[in-house]
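One file, query.txt, is given below (compact mmCIF, C-alpha atoms and all ligand atoms).
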```txt
# COMPACT_ATOMS: atom_id res chain seq x y z
CA MET A 140 74.62 57.94 -34.43
CA THR A 141 75.42 58.27 -30.71
CA PRO A 142 73.33 60.08 -28.06
CA SER A 143 75.83 62.96 -28.10
CA ASP A 144 74.97 63.54 -31.80
CA VAL A 145 71.32 64.32 -30.99
CA MET A 146 71.58 65.77 -27.46
CA PRO A 147 73.14 69.08 -26.57
CA GLY A 148 76.23 68.66 -24.43
CA ARG A 149 77.87 65.51 -23.16
CA VAL A 150 75.93 62.45 -21.88
CA ASP A 151 76.39 62.72 -18.14
CA THR A 152 76.18 59.55 -16.05
CA ASN A 153 77.20 60.93 -12.71
CA ALA A 154 75.24 60.30 -9.49
CA SER A 155 73.08 63.43 -9.69
CA THR A 156 71.99 62.59 -13.26
CA LEU A 157 71.07 59.08 -12.15
CA ALA A 158 69.05 60.53 -9.27
CA VAL A 159 67.13 62.78 -11.72
CA LEU A 160 66.60 59.80 -14.00
CA ALA A 161 65.23 57.69 -11.14
CA GLU A 162 62.86 60.45 -10.04
CA ARG A 163 61.46 60.77 -13.57
CA LEU A 164 60.92 57.06 -14.16
CA PRO A 165 57.23 56.15 -14.57
CA GLY A 166 57.58 53.69 -11.69
CA VAL A 167 59.71 52.82 -8.71
CA ILE A 168 63.10 51.10 -8.62
CA PHE A 169 64.24 49.36 -5.49
CA GLN A 170 66.61 46.99 -3.79
CA LEU A 171 65.08 44.37 -1.53
CA TYR A 172 67.22 42.45 0.94
CA ARG A 173 66.42 39.29 2.86
CA HIS A 174 68.58 38.14 5.75
CA ASP A 175 69.28 34.41 5.49
CA ARG A 176 69.12 33.78 9.22
CA SER A 177 66.12 35.82 10.35
CA GLY A 178 64.26 35.89 7.02
CA GLN A 179 63.62 39.60 7.70
CA LEU A 180 63.12 41.83 4.66
CA CYS A 181 64.26 45.41 4.20
CA ILE A 182 64.34 47.89 1.33
CA PRO A 183 67.82 49.49 1.35
CA HIS A 184 67.09 51.61 -1.72
CA LEU A 185 63.89 53.03 -3.13
CA ALA A 186 63.62 55.68 -5.84
CA GLY A 187 61.31 56.87 -8.55
CA ARG A 188 58.25 58.98 -9.13
CA GLY A 189 55.47 58.05 -6.71
CA THR A 190 57.73 56.73 -3.96
CA HIS A 191 56.25 59.36 -1.65
CA LEU A 192 52.72 58.09 -2.38
CA LEU A 193 53.35 55.20 -0.02
CA GLY A 194 53.57 57.74 2.77
CA LEU A 195 56.34 55.70 4.43
CA SER A 196 59.79 56.78 5.44
CA PRO A 197 62.57 55.34 3.20
CA ASP A 198 64.89 55.33 6.24
CA GLU A 199 62.43 53.14 8.13
CA LEU A 200 62.00 50.80 5.14
CA ALA A 201 65.78 50.50 4.82
CA ILE A 202 65.70 48.75 8.21
CA ASP A 203 62.40 46.89 7.99
CA ALA A 204 60.11 46.34 4.94
CA ARG A 205 57.09 45.37 7.04
CA PRO A 206 55.32 48.77 6.96
CA ALA A 207 55.26 48.49 3.13
CA LEU A 208 54.28 44.80 3.16
CA GLU A 209 51.38 45.60 5.49
CA ARG A 210 49.98 47.78 2.71
CA LEU A 211 49.48 44.73 0.50
CA ASP A 212 46.02 43.35 -0.14
CA LYS A 213 45.24 40.51 2.32
CA GLU A 214 44.91 37.92 -0.46
CA ASP A 215 48.03 39.11 -2.29
CA TYR A 216 50.35 39.11 0.73
CA PRO A 217 50.81 35.31 1.00
CA ARG A 218 51.27 35.07 -2.78
CA LEU A 219 54.09 37.63 -2.77
CA MET A 220 55.75 35.98 0.24
CA ALA A 221 55.61 32.61 -1.56
CA ALA A 222 57.12 34.22 -4.69
CA ILE A 223 59.96 35.67 -2.59
CA GLU A 224 60.66 32.30 -0.93
CA SER A 225 60.65 30.56 -4.29
CA SER A 226 63.03 33.18 -5.69
CA VAL A 227 65.41 32.60 -2.75
CA ARG A 228 65.29 28.86 -3.24
CA TRP A 229 65.79 28.74 -7.01
CA MET A 230 67.47 32.12 -7.60
CA THR A 231 64.79 32.94 -10.18
CA PRO A 232 63.29 36.43 -10.75
CA ILE A 233 60.15 37.46 -8.89
CA THR A 234 57.27 38.35 -11.18
CA ALA A 235 54.14 39.37 -9.29
CA LYS A 236 51.02 41.51 -9.52
CA PHE A 237 49.31 42.75 -6.39
CA ARG A 238 47.12 45.45 -4.96
CA LEU A 239 48.74 48.02 -2.71
CA ARG A 240 47.16 50.58 -0.39
CA LEU A 241 48.74 54.03 -0.73
CA GLY A 242 49.21 56.55 2.06
CA ASN A 243 46.05 58.39 0.96
CA GLY A 244 43.93 55.22 1.27
CA ARG A 245 43.68 54.66 -2.49
CA THR A 246 44.39 51.13 -3.70
CA VAL A 247 46.45 50.62 -6.85
CA SER A 248 47.33 47.52 -8.86
CA VAL A 249 51.06 47.08 -9.13
CA ALA A 250 53.37 44.87 -11.20
CA LEU A 251 56.70 43.88 -9.69
CA ARG A 252 59.73 42.31 -11.31
CA ALA A 253 62.96 41.77 -9.40
CA HIS A 254 66.18 39.82 -10.05
CA PRO A 255 67.91 38.11 -7.10
CA SER A 256 71.62 37.90 -6.50
CA PRO A 257 73.39 36.17 -3.61
CA ALA A 258 74.75 38.60 -1.00
CA GLU A 259 77.05 37.90 1.93
CA THR A 260 74.42 37.10 4.53
CA GLY A 261 71.31 36.91 2.41
CA VAL A 262 69.74 37.64 -0.96
CA LEU A 263 69.60 41.04 -2.65
CA TRP A 264 67.07 41.82 -5.38
CA HIS A 265 67.11 44.71 -7.83
CA GLY A 266 63.67 45.42 -9.12
CA MET A 267 60.96 47.71 -10.52
CA LEU A 268 57.39 48.45 -9.51
CA MET A 269 54.89 49.85 -12.01
CA ASP A 270 51.35 51.12 -11.42
CA ILE A 271 49.16 49.00 -13.74
CA SER A 272 45.75 50.07 -12.35
CA GLU A 273 44.51 51.36 -15.72
CA GLN A 274 45.55 48.20 -17.53
CA VAL A 275 43.91 46.00 -14.87
CA ALA A 276 40.68 48.03 -15.09
CA GLU A 277 40.70 47.74 -18.88
CA GLU A 278 41.25 43.97 -18.68
CA ALA A 279 38.32 43.68 -16.28
CA ARG A 280 36.16 45.77 -18.63
CA LEU A 281 37.04 43.56 -21.61
CA ARG A 282 36.48 40.39 -19.60
CA LYS A 283 33.03 41.63 -18.61
CA LEU A 284 32.27 42.64 -22.18
CA SER A 285 33.20 39.22 -23.52
CA SER A 286 30.90 37.48 -21.05
CA THR A 287 27.92 39.86 -21.13
CA ASP A 288 24.90 40.05 -23.38
CA ASP A 289 24.85 43.52 -24.99
CA LEU A 290 21.12 44.09 -24.87
CA THR A 291 20.18 42.92 -21.39
CA GLY A 292 23.43 43.07 -19.41
CA ALA A 293 22.83 39.45 -18.36
CA ALA A 294 25.60 36.87 -18.84
CA ASN A 295 25.94 35.62 -22.40
CA ARG A 296 25.84 32.07 -23.67
CA ARG A 297 29.62 31.61 -23.43
CA LYS A 298 29.67 32.65 -19.78
CA LEU A 299 26.75 30.34 -19.05
CA MET A 300 28.46 27.34 -20.64
CA ASN A 301 31.72 27.98 -18.76
CA ARG A 302 29.91 28.36 -15.45
CA LEU A 303 27.76 25.30 -16.15
CA ASP A 304 30.91 23.24 -16.79
CA GLU A 305 32.33 24.36 -13.45
CA GLU A 306 29.13 23.79 -11.49
CA VAL A 307 28.39 20.41 -13.10
CA SER A 308 31.91 19.30 -12.28
CA LEU A 309 31.50 20.42 -8.63
CA SER A 310 28.13 18.69 -8.39
CA ASN A 311 29.58 15.47 -9.83
CA ARG A 312 32.52 15.57 -7.42
CA HIS A 313 30.74 16.58 -4.21
CA ALA A 314 27.17 15.44 -4.93
CA THR A 315 25.93 18.97 -4.22
CA PRO A 316 22.53 19.99 -5.63
CA LEU A 317 22.45 22.15 -8.75
CA SER A 318 19.35 23.30 -10.62
CA LEU A 319 18.82 24.88 -14.01
CA MET A 320 15.82 26.85 -15.31
CA ILE A 321 15.22 27.62 -18.96
CA LEU A 322 12.76 30.45 -19.38
CA ASP A 323 11.11 31.56 -22.61
CA LEU A 324 8.78 34.50 -23.21
CA ASP A 325 5.33 33.46 -24.38
CA HIS A 326 4.13 34.71 -27.77
CA PHE A 327 6.92 37.27 -27.87
CA LYS A 328 6.47 37.62 -31.61
CA ARG A 329 3.10 39.26 -30.87
CA VAL A 330 4.80 41.81 -28.56
CA ASN A 331 7.23 42.72 -31.35
CA ASP A 332 4.51 42.75 -34.00
CA THR A 333 2.18 44.92 -31.89
CA TRP A 334 4.60 47.30 -30.17
CA GLY A 335 7.70 47.14 -32.32
CA HIS A 336 11.17 45.70 -31.77
CA LEU A 337 12.40 48.54 -29.55
CA ARG A 338 9.61 47.95 -27.03
CA GLY A 339 10.36 44.25 -27.35
CA ASP A 340 13.97 45.01 -26.42
CA ASP A 341 12.75 46.90 -23.33
CA VAL A 342 10.75 43.85 -22.30
CA LEU A 343 13.88 41.69 -22.57
CA ARG A 344 15.89 44.19 -20.50
CA ASN A 345 13.24 44.39 -17.78
CA LEU A 346 12.86 40.64 -17.77
CA ALA A 347 16.61 40.25 -17.08
CA ILE A 348 16.28 42.71 -14.17
CA LEU A 349 13.33 40.81 -12.70
CA CYS A 350 15.28 37.55 -12.94
CA LYS A 351 18.30 39.06 -11.18
CA GLN A 352 16.11 40.56 -8.46
CA THR A 353 14.45 37.22 -7.78
CA LEU A 354 17.64 35.15 -7.68
CA ARG A 355 20.55 35.14 -5.22
CA GLU A 356 23.85 36.91 -5.88
CA GLU A 357 25.64 33.60 -6.52
CA ASP A 358 23.04 32.41 -9.07
CA LEU A 359 23.60 33.17 -12.75
CA VAL A 360 21.14 34.81 -15.15
CA ALA A 361 22.14 34.34 -18.79
CA ARG A 362 20.50 35.12 -22.10
CA LEU A 363 20.68 32.02 -24.27
CA GLY A 364 19.58 33.96 -27.33
CA GLY A 365 16.41 35.58 -28.67
CA GLU A 366 13.72 35.54 -25.99
CA GLU A 367 15.20 32.60 -24.08
CA PHE A 368 17.08 32.82 -20.77
CA ALA A 369 18.87 30.26 -18.61
CA LEU A 370 19.06 30.60 -14.83
CA LEU A 371 21.60 28.55 -12.94
CA LEU A 372 21.11 27.94 -9.22
CA PRO A 373 24.07 26.26 -7.49
CA LEU A 374 23.51 24.44 -4.18
CA THR A 375 19.79 24.42 -4.90
CA PRO A 376 17.66 21.27 -4.95
CA LEU A 377 14.76 20.91 -7.35
CA ALA A 378 11.97 21.67 -4.85
CA HIS A 379 13.61 24.98 -3.91
CA CYS A 380 14.27 25.87 -7.56
CA GLN A 381 10.66 25.12 -8.39
CA ALA A 382 9.45 27.52 -5.67
CA VAL A 383 11.78 30.25 -7.02
CA ALA A 384 10.66 29.60 -10.61
CA GLU A 385 7.02 29.86 -9.58
CA ARG A 386 7.66 33.13 -7.73
CA LEU A 387 9.49 34.49 -10.79
CA ARG A 388 6.74 33.39 -13.20
CA GLN A 389 4.17 35.13 -11.04
CA SER A 390 6.10 38.37 -10.64
CA ILE A 391 6.65 38.55 -14.42
CA ALA A 392 2.95 37.96 -15.09
CA GLU A 393 2.08 40.76 -12.63
CA TYR A 394 4.79 43.22 -13.74
CA ASP A 395 3.78 46.29 -15.71
CA PHE A 396 6.00 46.22 -18.80
CA GLY A 397 4.27 49.34 -20.09
CA LEU A 398 2.41 47.48 -22.82
CA GLY A 399 -1.06 48.55 -21.72
CA GLU A 400 -3.41 45.62 -21.71
CA GLY A 401 -0.82 43.23 -23.10
CA ARG A 402 0.37 40.85 -20.41
CA VAL A 403 3.84 39.36 -20.62
CA THR A 404 4.14 35.79 -19.43
CA VAL A 405 6.87 33.18 -19.47
CA SER A 406 7.13 29.41 -19.58
CA ILE A 407 9.85 27.78 -17.50
CA GLY A 408 11.38 24.30 -17.67
CA ILE A 409 13.57 23.22 -14.78
CA ALA A 410 15.82 20.27 -13.99
CA GLU A 411 18.14 19.29 -11.16
CA HIS A 412 21.55 17.91 -12.07
CA ARG A 413 22.00 14.17 -11.54
CA ILE A 414 25.34 12.73 -10.50
CA GLY A 415 27.23 11.63 -13.61
CA GLU A 416 25.17 13.76 -15.95
CA THR A 417 26.90 16.06 -18.46
CA ARG A 418 26.16 19.74 -18.98
CA ASP A 419 24.31 19.07 -22.24
CA MET A 420 22.16 16.34 -20.70
CA LEU A 421 21.06 18.76 -17.98
CA ILE A 422 20.26 21.50 -20.51
CA ASP A 423 18.38 19.01 -22.63
CA ARG A 424 16.14 17.92 -19.74
CA ALA A 425 15.36 21.50 -18.69
CA ASP A 426 14.65 22.29 -22.36
CA ARG A 427 12.26 19.37 -22.72
CA HIS A 428 10.33 20.59 -19.68
CA LEU A 429 10.16 24.06 -21.21
CA TYR A 430 8.59 22.61 -24.32
CA ALA A 431 6.18 20.62 -22.16
CA ALA A 432 5.22 23.91 -20.42
CA LYS A 433 4.61 25.58 -23.79
CA HIS A 434 2.62 22.60 -24.97
CA ALA A 435 0.51 22.58 -21.80
CA GLY A 436 -0.65 26.16 -22.44
CA ARG A 437 2.29 28.46 -21.46
CA ASN A 438 2.62 30.74 -18.40
CA ARG A 439 3.68 27.79 -16.22
CA VAL A 440 6.61 25.98 -14.65
CA MET A 441 7.42 22.37 -15.48
CA ALA A 442 9.87 20.37 -13.37
CA THR A 443 11.15 16.86 -13.21
CA THR A 444 9.73 14.77 -10.42
CA THR A 445 11.42 12.10 -8.31
CA ARG A 446 9.97 9.59 -10.76
CA ASP A 447 11.87 11.26 -13.55
CA THR A 448 15.02 9.13 -13.42
CA ASN A 449 17.54 7.84 -15.88
CA PRO A 450 18.41 4.12 -16.26
CA ASP A 451 21.79 4.96 -17.81
CA LEU A 452 23.10 6.61 -14.66
CA PRO A 453 24.52 4.67 -11.69
CA GLY A 454 22.37 4.11 -8.63
CA GLN A 455 19.12 5.34 -10.15
CA PRO A 456 16.05 3.30 -11.01
CA GLY A 457 14.85 3.01 -14.59
CA ARG A 458 12.24 5.35 -15.97
CA PRO A 459 9.23 4.53 -18.06
CA GLY A 460 9.37 7.96 -19.72
CA GLU A 461 9.91 11.56 -18.71
CA GLN A 462 7.40 12.57 -16.04
CA SER A 463 6.69 16.20 -15.45
CA LEU A 464 5.08 18.15 -12.69
CA ALA A 465 3.42 21.40 -13.65
CA THR A 466 2.74 24.32 -11.36
CA LYS A 467 0.74 27.34 -12.16
N1 LIG B 501 12.75 42.76 -29.65
C1 LIG B 501 13.47 41.67 -29.81
N2 LIG B 501 12.89 40.55 -30.26
C2 LIG B 501 13.62 39.43 -30.41
C3 LIG B 501 14.99 39.41 -30.09
N3 LIG B 501 15.44 38.16 -30.33
C4 LIG B 501 14.40 37.43 -30.79
N4 LIG B 501 13.29 38.20 -30.84
C5 LIG B 501 11.95 37.86 -31.28
O1 LIG B 501 11.38 36.84 -30.51
C6 LIG B 501 10.29 36.29 -31.25
C7 LIG B 501 10.31 34.80 -31.07
O2 LIG B 501 9.19 34.28 -31.73
P1 LIG B 501 8.80 32.77 -31.69
O3 LIG B 501 10.04 31.92 -31.75
O4 LIG B 501 7.76 32.54 -32.72
O5 LIG B 501 8.22 32.51 -30.25
P2 LIG B 501 7.06 33.24 -29.49
O6 LIG B 501 6.31 34.21 -30.32
O7 LIG B 501 7.63 33.78 -28.22
O8 LIG B 501 6.09 32.03 -29.16
P3 LIG B 501 6.28 30.90 -28.08
O9 LIG B 501 7.71 30.86 -27.67
O10 LIG B 501 5.86 29.65 -28.77
O11 LIG B 501 5.38 31.25 -26.95
C8 LIG B 501 10.51 36.70 -32.71
O12 LIG B 501 9.54 37.68 -33.05
C9 LIG B 501 11.90 37.33 -32.70
O13 LIG B 501 12.02 38.38 -33.62
C10 LIG B 501 15.58 40.63 -29.63
O14 LIG B 501 16.79 40.71 -29.33
N5 LIG B 501 14.80 41.72 -29.50
```
Please express what this file holds, its structure, as structure tokens.
Amino acid sequence: MTPSDVMPGRVDTNASTLAVLAERLPGVIFQLYRHDRSGQLCIPHLAGRGTHLLGLSPDELAIDARPALERLDKEDYPRLMAAIESSVRWMTPITAKFRLRLGNGRTVSVALRAHPSPAETGVLWHGMLMDISEQVAEEARLRKLSSTDDLTGAANRRKLMNRLDEEVSLSNRHATPLSLMILDLDHFKRVNDTWGHLRGDDVLRNLAILCKQTLREEDLVARLGGEEFALLLPLTPLAHCQAVAERLRQSIAEYDFGLGEGRVTVSIGIAEHRIGETRDMLIDRADRHLYAAKHAGRNRVMATTTRDTNPDLPGQPGRPGEQSLATK
């Protein structure tokens, strides 16, 4: 079966039909030209639905592409320029994604693919631009979903472990301070038993909010599971982390969770990363201090002290046993 079998009339491929086709494409087609000598870029041909959204004159762009390139996001501009240079050098297609400011001020995410061919005094690309804003937004939504705890909106365990790996690696490489808190609600079973699971869920949600409010933007609040949270504080030495943990403990103890007389308290174990230590070793130390805090009567912060050192790690004196410092 040929197109003429299903379409009325003859298939017309003259210039006007091509122009209609281009205008109805769900994207933009273009030619991009780069002069070998000056390196200057221009867009000799530009067609397709949405071309006008740029708010730039095609005649102007046919001489100089800069007005369009200036609409690129600041971070994306050097990446696209590098992709163009690499395409010139190796005669390979350009595949790029970038954000572009339209004439009306709106920013869209765009995918570009263009094939180069040698021209007399430069390189000529034939390519397509597609608006992929919806797809990018959906990807961001899914990424957030896969790293977020459903109930509290805090980061989930997977996100915590990934971030911990990154931060531990940075701390090992640059000897920068990094502290970890593990926080557990005290006698949370009683809250559930007395007020029901739904009220218990509210407590967990409010607790996550209090944690986020107390910490800095670059810190991470994650729900480890159940009524246990982990708080990661990059570039933070132990003494500072301990002060933050104490402030957090106090604000939770004073917060009205709407449970009448019932007070909600937390126990917190904290540890500062030691050079050479793995992620799991750090978690384990913070965890042991949490258990020490529970054992000592709950509603308190337990932290390692300077005496709390590890003989297995380079440059650190031996330790007679884990020492803990409690604050309350
Ligand atoms: N509402 C609610 N409760 C949860 C959730 N996850 C775990 N829990 C409850 O958390 C409680 C944990 O109880 P335990 O492990 O005995 O600890 P606890 O009562 O907090 O006592 P300590 O930790 O020793 O102070 C249990 O009642 C669980 O059902 C949740 O997502 N929502």
Open item on the list: For stretch 293-305 of chain A, find every residue with an atom within 6 Å (counting all atoms listed in the file), except residues of its own chain fewer than 6 positions away, and show them as a list in words.
Closed with: Ser286, Thr287, Val360, Ala361, Arg362 and Leu363 of chain A
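Contact shell of stretch 410-418 of chain A at 8 Å (only C-alpha atoms; same-chain neighbours under 2 positions omitted): Leu303, Asp304, Val307, Ser310, Asn311, Ala314, Pro316, Leu317, Ser318, Leu319, Met320, Pro376, Leu377, Gly408, Met420, Leu421, Ile422, Arg424, Ala425, His428, Ala442, Thr443, Leu452 and Pro453 of chain A.
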What would the file look like if the residues just selected were written as a compact mmCIF listing (two decimals), in the coordinates of the input with C-alpha atoms?
```txt
# COMPACT_ATOMS: atom_id res chain seq x y z
CA LEU A 303 27.76 25.30 -16.15
CA ASP A 304 30.91 23.24 -16.79
CA VAL A 307 28.39 20.41 -13.10
CA SER A 310 28.13 18.69 -8.39
CA ASN A 311 29.58 15.47 -9.83
CA ALA A 314 27.17 15.44 -4.93
CA PRO A 316 22.53 19.99 -5.63
CA LEU A 317 22.45 22.15 -8.75
CA SER A 318 19.35 23.30 -10.62
CA LEU A 319 18.82 24.88 -14.01
CA MET A 320 15.82 26.85 -15.31
CA PRO A 376 17.66 21.27 -4.95
CA LEU A 377 14.76 20.91 -7.35
CA GLY A 408 11.38 24.30 -17.67
CA MET A 420 22.16 16.34 -20.70
CA LEU A 421 21.06 18.76 -17.98
CA ILE A 422 20.26 21.50 -20.51
CA ARG A 424 16.14 17.92 -19.74
CA ALA A 425 15.36 21.50 -18.69
CA HIS A 428 10.33 20.59 -19.68
CA ALA A 442 9.87 20.37 -13.37
CA THR A 443 11.15 16.86 -13.21
CA LEU A 452 23.10 6.61 -14.66
CA PRO A 453 24.52 4.67 -11.69
```
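Going from atom CA of A:Leu309 over to atom CA of A:Glu356, you cover 18.4 Å.
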Point (49.7, 46.0, -8.9) neighbourhood (7 Å, all atoms listed in the file) written as a PDB file with C-alpha atoms, in the coordinates of the input:
```
ATOM      1  CA  LYS A 236      51.020  41.510  -9.520  1.00  0.00           C
ATOM      2  CA  PHE A 237      49.310  42.750  -6.390  1.00  0.00           C
ATOM      3  CA  ARG A 238      47.120  45.450  -4.960  1.00  0.00           C
ATOM      4  CA  LEU A 239      48.740  48.020  -2.710  1.00  0.00           C
ATOM      5  CA  VAL A 247      46.450  50.620  -6.850  1.00  0.00           C
ATOM      6  CA  SER A 248      47.330  47.520  -8.860  1.00  0.00           C
ATOM      7  CA  VAL A 249      51.060  47.080  -9.130  1.00  0.00           C
ATOM      8  CA  ALA A 250      53.370  44.870 -11.200  1.00  0.00           C
ATOM      9  CA  ASP A 270      51.350  51.120 -11.420  1.00  0.00           C
ATOM     10  CA  ILE A 271      49.160  49.000 -13.740  1.00  0.00           C
ATOM     11  CA  SER A 272      45.750  50.070 -12.350  1.00  0.00           C
TER      12      SER A 272
END
```
TODO: Would you kindly return, as a list of chain:residue names, each protein, DNA or RNA residue with an atom no farther than 9 Å from any atom of A:Leu398, considering all atoms listed in the file and excluding same-chain residues fewer than 4 positions away?
DONE: A:Val330, A:Trp334, A:Arg338, A:Arg402, A:Val403
Need the axis-aligned box for ligand LIG 501 (chain B) with 5 Å each side, so what are the centre and edges in Å to one decimal, as JSON?
```
{"center_x": 11.1, "center_y": 36.2, "center_z": -30.3, "size_x": 21.4, "size_y": 23.1, "size_z": 16.7}
```
Each residue of stretch 225-296 of chain A with at least one atom at most 6 Å from stretch 171-193 of chain A should appear once, together with its nearest atom pair and the corresponding distance in Å (one decimal); atoms considered: only C-alpha atoms; ordering: chain, then increasing residue number; output as a Markdown table.
```
| residue | atom | partner | partner_atom | distance |
| --- | --- | --- | --- | --- |
| A:Leu241 | CA | A:Leu193 | CA | 4.8 |
| A:Gly242 | CA | A:Leu193 | CA | 4.8 |
| A:Thr260 | CA | A:Asp175 | CA | 5.9 |
| A:Gly261 | CA | A:Asp175 | CA | 4.5 |
| A:Val262 | CA | A:Arg173 | CA | 5.3 |
| A:Leu263 | CA | A:Tyr172 | CA | 4.5 |
| A:Trp264 | CA | A:Leu171 | CA | 5.0 |
```
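Comparing A:Met441, A:Ile409, A:Leu343, A:Leu359 by their smallest distance to ligand LIG 501 (chain B), the closest is A:Leu343 (using all atoms listed in the file).
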Show me which residues sit within 8 Å of ligand LIG 501 (chain B) when counting all atoms listed in the file, and put them as a PDB file with C-alpha atoms, keeping the file's coordinate frame.
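Heads up, here's the output in part39.pdb:
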```
ATOM      1  CA  LEU A 290      21.120  44.090 -24.870  1.00  0.00           C
ATOM      2  CA  ASP A 323      11.110  31.560 -22.610  1.00  0.00           C
ATOM      3  CA  LEU A 324       8.780  34.500 -23.210  1.00  0.00           C
ATOM      4  CA  ASP A 325       5.330  33.460 -24.380  1.00  0.00           C
ATOM      5  CA  HIS A 326       4.130  34.710 -27.770  1.00  0.00           C
ATOM      6  CA  PHE A 327       6.920  37.270 -27.870  1.00  0.00           C
ATOM      7  CA  LYS A 328       6.470  37.620 -31.610  1.00  0.00           C
ATOM      8  CA  ARG A 329       3.100  39.260 -30.870  1.00  0.00           C
ATOM      9  CA  VAL A 330       4.800  41.810 -28.560  1.00  0.00           C
ATOM     10  CA  ASN A 331       7.230  42.720 -31.350  1.00  0.00           C
ATOM     11  CA  ASP A 332       4.510  42.750 -34.000  1.00  0.00           C
ATOM     12  CA  GLY A 335       7.700  47.140 -32.320  1.00  0.00           C
ATOM     13  CA  HIS A 336      11.170  45.700 -31.770  1.00  0.00           C
ATOM     14  CA  LEU A 337      12.400  48.540 -29.550  1.00  0.00           C
ATOM     15  CA  ARG A 338       9.610  47.950 -27.030  1.00  0.00           C
ATOM     16  CA  GLY A 339      10.360  44.250 -27.350  1.00  0.00           C
ATOM     17  CA  ASP A 340      13.970  45.010 -26.420  1.00  0.00           C
ATOM     18  CA  ASP A 341      12.750  46.900 -23.330  1.00  0.00           C
ATOM     19  CA  VAL A 342      10.750  43.850 -22.300  1.00  0.00           C
ATOM     20  CA  LEU A 343      13.880  41.690 -22.570  1.00  0.00           C
ATOM     21  CA  GLY A 364      19.580  33.960 -27.330  1.00  0.00           C
ATOM     22  CA  GLY A 365      16.410  35.580 -28.670  1.00  0.00           C
ATOM     23  CA  GLU A 366      13.720  35.540 -25.990  1.00  0.00           C
ATOM     24  CA  VAL A 405       6.870  33.180 -19.470  1.00  0.00           C
ATOM     25  CA  SER A 406       7.130  29.410 -19.580  1.00  0.00           C
ATOM     26  CA  LYS A 433       4.610  25.580 -23.790  1.00  0.00           C
ATOM     27  CA  ARG A 437       2.290  28.460 -21.460  1.00  0.00           C
TER      28      ARG A 437
END
```
- [ ] Select, from A:Ala382, A:Leu371, A:Glu162, A:Tyr394, the residue with the minimum atom-to-atom distance to A:Ile348, counting all atoms listed in the file.
- [x] A:Tyr394
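Atom CA of A:Ala384 is found 22.8 Å from atom CA of A:Gly397.
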Task: Distance of atom CA of A:Ala276 from atom CA of A:Ala161, expressed in Å to one decimal place - done: 26.7 Å
How would stretch 222-235 of chain A look with N, CA and C atoms restored, written as an mmCIF file, keeping the file's coordinate frame?
```cif
data_model
loop_
_atom_site.group_PDB
_atom_site.id
_atom_site.type_symbol
_atom_site.label_atom_id
_atom_site.label_comp_id
_atom_site.auth_asym_id
_atom_site.auth_seq_id
_atom_site.Cartn_x
_atom_site.Cartn_y
_atom_site.Cartn_z
ATOM 1 N N ALA A 222 56.272 33.925 -3.527
ATOM 2 C CA ALA A 222 57.120 34.220 -4.690
ATOM 3 C C ALA A 222 58.530 34.587 -4.241
ATOM 4 N N ILE A 223 58.638 35.309 -3.110
ATOM 5 C CA ILE A 223 59.960 35.670 -2.590
ATOM 6 C C ILE A 223 60.714 34.414 -2.141
ATOM 7 N N GLU A 224 60.020 33.541 -1.410
ATOM 8 C CA GLU A 224 60.660 32.300 -0.930
ATOM 9 C C GLU A 224 61.131 31.443 -2.101
ATOM 10 N N SER A 225 60.290 31.369 -3.125
ATOM 11 C CA SER A 225 60.650 30.560 -4.290
ATOM 12 C C SER A 225 61.856 31.168 -5.012
ATOM 13 N N SER A 226 61.906 32.497 -5.055
ATOM 14 C CA SER A 226 63.030 33.180 -5.690
ATOM 15 C C SER A 226 64.331 32.916 -4.922
ATOM 16 N N VAL A 227 64.226 32.885 -3.582
ATOM 17 C CA VAL A 227 65.410 32.600 -2.750
ATOM 18 C C VAL A 227 65.882 31.181 -3.038
ATOM 19 N N ARG A 228 64.932 30.283 -3.111
ATOM 20 C CA ARG A 228 65.290 28.860 -3.240
ATOM 21 C C ARG A 228 65.920 28.553 -4.601
ATOM 22 N N TRP A 229 65.336 29.100 -5.668
ATOM 23 C CA TRP A 229 65.790 28.740 -7.010
ATOM 24 C C TRP A 229 66.591 29.834 -7.701
ATOM 25 N N MET A 230 66.763 30.971 -7.011
ATOM 26 C CA MET A 230 67.470 32.120 -7.600
ATOM 27 C C MET A 230 66.849 32.538 -8.941
ATOM 28 N N THR A 231 65.519 32.529 -8.969
ATOM 29 C CA THR A 231 64.790 32.940 -10.180
ATOM 30 C C THR A 231 64.156 34.307 -9.917
ATOM 31 N N PRO A 232 63.889 35.098 -10.958
ATOM 32 C CA PRO A 232 63.290 36.430 -10.750
ATOM 33 C C PRO A 232 61.887 36.331 -10.126
ATOM 34 N N ILE A 233 61.517 37.365 -9.415
ATOM 35 C CA ILE A 233 60.150 37.460 -8.890
ATOM 36 C C ILE A 233 59.320 38.220 -9.914
ATOM 37 N N THR A 234 58.215 37.637 -10.329
ATOM 38 C CA THR A 234 57.270 38.350 -11.180
ATOM 39 C C THR A 234 55.929 38.271 -10.474
ATOM 40 N N ALA A 235 55.394 39.419 -10.062
ATOM 41 C CA ALA A 235 54.140 39.370 -9.290
ATOM 42 C C ALA A 235 53.283 40.591 -9.600
#
```
